[in-house]
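Data first, discussion second: the structure below is written as structure tokens.
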Amino acid sequence: MAKTNKSKTSKNKKTSAKSKARAGGSQVRALVRSLDAPGTQYARLLMDPCNAPLVHPVYSGAGAGFLTRGDYIVTFGAGATEAAGFIHWTPGYVNSSNTHLIAGAGASGSTALTAVANGANSPLTSWLVANSFGCRCVAACAKIIYPGAEQTRSGRIHYGQTLGGLVDNNDSITVDNLAPTLTNFGRTPNEPIEILWKPEDADQEFNDPAAAASAPLKDRKSSVTIAWAGIPVSTGMTIQLTAVYEWTPKPGQGIGNNPTGKNTSANTLDHVVDAVQRTGFKWVRDSMAAFSRDMAGSILGAVAQQFGLMPARPYRPGLSF
């Protein structure tokens, strides 16, 4: 009988683990080296919108404002006959027509769903409309939770980053037609899934949140889209939306403008996004993206050590509720 060389097997495992650690560490160091301190701070906020310290974005132009983080938790598609649905969120285009959040729900994946404006369920919408004459999204994420009982969990879910023009208000669309446009797919989750927003060039522009919607503007902004089908009726999908906004105050608010708040980084938005993606970060945290989660933890830890941006407690990858 052949004997297994336990010492060699153990040594190989240790060597493999060390190799992976070195590979991950080198990618983290590459991110830190490729960005200056303000750029790295903004990278951290993009990767952890819920918890990272608020910093101004590395957006182009001389404009600047104040920073506010908000979230909103809502359950979509919980009607007595609804087993499928979707949301399409464009956080960088808050407007009084509420088309920055569009949703629909129906009986099945093949059912034609009417896209309905749901912007009132998006973070800070009413506050921004009332208090700001210009705002832009700095960082955002959507977390998905199945609210039903585990023994009845069924169905499928699709999710990913898209553009604002993918779905417009009053469109008629099915989950089955929407699904192939989304890069991530799986069974209805038993653990939370987090989809991170990745800004486009158009998201660098301020827009008036009190103005009515303009499709050409929305079409160029970055979105997060989630679709599901086959879940039990009267259950729906619970989604926590979190967004950080940079905004300028309306007259009469008793607040002065903040013209010097601009990020002083020499890095552009392209530099930051490219640097984050070169580390292997996938802009999604789910059971299929363990490497992406681990890499995010390593990157945020490295940023803390390099620039002293983190509190004393270590960063633990995962979702906060």
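Residues are referred to by chain and number: the chain letter is A, B, ... according to the order shown in the structure tokens, the number counts from 1 in that chain, and ligands are numbered separately from 1 in the order shown.
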Original post:
Do you know which residues are at most 10 Å from segment 58-64 of chain A counting only C-alpha atoms, after dropping those on the same chain fewer than 2 positions away, and could you put them as a VMD selection string?
Top reply: chain A and resid 38 to 43 55 to 56 66 to 67 134 to 136 138 199 201 203 to 206 246 to 248 257 to 272
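The interatomic distance for the pair atom CA of Ser234 of chain A and atom CA of Gly79 of chain A works out to 4.8 Å.
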Subject >> DSSP-assigned strand (DSSP E or B) members of segment 70-120 of chain A, reported as a ChimeraX atom specification >> reply: /A:70-76,84-89,101-106,113-114,116-117
Write the residues of the selection above to a file with C-alpha atoms, as a short mmCIF file (atom, residue, chain, number, x, y, z; two decimals), in the first residue's frame.
```cif
data_model
loop_
_atom_site.label_atom_id
_atom_site.label_comp_id
_atom_site.auth_asym_id
_atom_site.auth_seq_id
_atom_site.Cartn_x
_atom_site.Cartn_y
_atom_site.Cartn_z
CA GLY A 70 -28.44 57.66 3.89
CA ASP A 71 -30.18 54.34 3.45
CA TYR A 72 -33.65 52.96 2.84
CA ILE A 73 -34.97 49.43 3.40
CA VAL A 74 -37.98 48.31 1.39
CA THR A 75 -39.62 45.05 0.27
CA PHE A 76 -40.70 44.87 -3.37
CA ALA A 84 -41.34 37.74 -9.72
CA GLY A 85 -40.06 41.27 -9.93
CA PHE A 86 -37.18 43.69 -10.49
CA ILE A 87 -35.72 47.00 -9.40
CA HIS A 88 -33.55 49.34 -11.47
CA TRP A 89 -31.74 51.95 -9.36
CA LEU A 101 -35.68 53.98 -8.83
CA ILE A 102 -37.94 51.90 -11.05
CA ALA A 103 -39.62 48.63 -10.04
CA GLY A 104 -42.12 46.08 -11.27
CA ALA A 105 -43.65 42.82 -10.02
CA GLY A 106 -45.90 40.06 -11.35
CA LEU A 113 -44.24 43.80 -15.91
CA THR A 114 -44.91 47.53 -16.06
CA VAL A 116 -43.18 52.06 -12.21
CA ALA A 117 -41.29 55.01 -10.71
#
```
**OP:** Skip Glu150 of chain A itself and residues of its chain fewer than 4 positions away, then list as a PyMOL selection string all residues within 9 Å of it, counting only C-alpha atoms.
**Re:** chain A and resi 146+154+190
Original post:
Can you list, as number ranges by chain, every protein, DNA or RNA residue that comes within 9 Å of Ile157 of chain A when you count only C-alpha atoms, leaving out same-chain residues fewer than 6 positions away?
Top reply: A: 179, 184-189, 226-230
**OP:** May I have all residues of segment 23-193 of chain A that DSSP, computed from the backbone, assigns to helix (DSSP H, G or I), given as a ChimeraX atom specification?
**Re:** /A:23-34,37-47,119-121,125-131,150-152,164-166,175-181
Need to verify the contact set: Pro147 of chain A, 9 Å, only C-alpha atoms, exclusion of same-chain residues closer than 6 positions in sequence. Can you return it as a tab-separated table (two decimals) with C-alpha atoms, in the first residue's frame?
```tsv
chain	number	residue	atom	x	y	z
A	75	THR	CA	-39.62	45.05	0.27
A	235	THR	CA	-43.04	37.30	0.08
A	236	GLY	CA	-41.15	39.68	-2.19
A	237	MET	CA	-37.49	40.65	-1.94
A	238	THR	CA	-36.16	42.98	0.76
```
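Coordinates place atom CA of Asn98 of chain A at a distance of 28.0 Å from atom CA of Val273 of chain A.
In terms of minimum interatomic distance to Asn169 of chain A, A:Asn118 ranks closest within A:Asn118, A:Thr125, A:Thr279, A:Thr111, counting only C-alpha atoms.
Atom CA of Leu46 of chain A to atom CA of His100 of chain A spans 19.4 Å [interatomic distance, one decimal].
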Neighbours of Glu194 of chain A within 8 Å (only C-alpha atoms; same-chain residues fewer than 6 positions away dropped), as a CSV table (one decimal) with N, CA and C atoms, in the first residue's frame?
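The resulting file, around_17.csv, is reproduced below:
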```
chain,number,residue,atom,x,y,z
A,141,CYS,N,-24.6,51.2,-2.7
A,141,CYS,CA,-24.7,49.8,-2.8
A,141,CYS,C,-26.1,49.3,-2.5
A,142,ALA,N,-26.5,48.2,-3.0
A,142,ALA,CA,-27.8,47.6,-2.8
A,142,ALA,C,-27.6,46.2,-2.2
A,143,LYS,N,-28.2,45.9,-1.0
A,143,LYS,CA,-28.1,44.6,-0.4
A,143,LYS,C,-29.4,43.9,-0.5
A,144,ILE,N,-29.4,42.7,-0.9
A,144,ILE,CA,-30.5,41.9,-1.1
A,144,ILE,C,-30.7,40.9,0.0
A,284,VAL,N,-19.2,43.0,-6.3
A,284,VAL,CA,-20.3,42.2,-5.7
A,284,VAL,C,-19.7,41.4,-4.6
A,285,ARG,N,-20.5,41.4,-3.5
A,285,ARG,CA,-20.2,40.5,-2.4
A,285,ARG,C,-21.3,39.5,-2.2
A,286,ASP,N,-21.0,38.2,-2.5
A,286,ASP,CA,-22.0,37.1,-2.3
A,286,ASP,C,-21.2,35.8,-2.1
A,319,LEU,N,-21.3,41.8,5.4
A,319,LEU,CA,-22.4,42.8,5.3
A,319,LEU,C,-22.8,43.2,6.7
```
Original post:
Hey, what's within 9 Å of Leu182 of chain A if we count only C-alpha atoms and toss same-chain stuff fewer than 4 positions away? As an MDAnalysis selection string, please?
Top reply: chainID A and resid 158:162 178 225:227
Selection to disk with N, CA and C atoms, as a PDB file, in the first residue's frame:
```pdb
ATOM      1  N   HIS A 158     -31.127  37.464 -10.335  1.00  0.00           N
ATOM      2  CA  HIS A 158     -30.142  37.994 -11.284  1.00  0.00           C
ATOM      3  C   HIS A 158     -29.791  39.406 -10.827  1.00  0.00           C
ATOM      4  N   TYR A 159     -28.526  39.811 -10.960  1.00  0.00           N
ATOM      5  CA  TYR A 159     -28.145  41.135 -10.469  1.00  0.00           C
ATOM      6  C   TYR A 159     -26.826  41.576 -11.093  1.00  0.00           C
ATOM      7  N   GLY A 160     -26.624  42.896 -11.116  1.00  0.00           N
ATOM      8  CA  GLY A 160     -25.376  43.424 -11.655  1.00  0.00           C
ATOM      9  C   GLY A 160     -25.441  44.913 -11.899  1.00  0.00           C
ATOM     10  N   GLN A 161     -24.326  45.454 -12.416  1.00  0.00           N
ATOM     11  CA  GLN A 161     -24.237  46.871 -12.758  1.00  0.00           C
ATOM     12  C   GLN A 161     -24.711  47.078 -14.197  1.00  0.00           C
ATOM     13  N   THR A 162     -25.481  48.142 -14.421  1.00  0.00           N
ATOM     14  CA  THR A 162     -26.012  48.438 -15.753  1.00  0.00           C
ATOM     15  C   THR A 162     -25.950  49.952 -15.967  1.00  0.00           C
ATOM     16  N   LEU A 178     -34.979  40.482 -19.029  1.00  0.00           N
ATOM     17  CA  LEU A 178     -34.022  41.318 -18.310  1.00  0.00           C
ATOM     18  C   LEU A 178     -32.822  40.500 -17.830  1.00  0.00           C
ATOM     19  N   THR A 225     -29.104  46.856 -11.048  1.00  0.00           N
ATOM     20  CA  THR A 225     -30.361  46.210 -11.422  1.00  0.00           C
ATOM     21  C   THR A 225     -30.443  44.830 -10.782  1.00  0.00           C
ATOM     22  N   ILE A 226     -31.611  44.509 -10.240  1.00  0.00           N
ATOM     23  CA  ILE A 226     -31.856  43.219  -9.578  1.00  0.00           C
ATOM     24  C   ILE A 226     -33.181  42.667 -10.086  1.00  0.00           C
ATOM     25  N   ALA A 227     -33.211  41.391 -10.445  1.00  0.00           N
ATOM     26  CA  ALA A 227     -34.442  40.750 -10.907  1.00  0.00           C
ATOM     27  C   ALA A 227     -34.558  39.361 -10.273  1.00  0.00           C
TER      28      ALA A 227
END
```
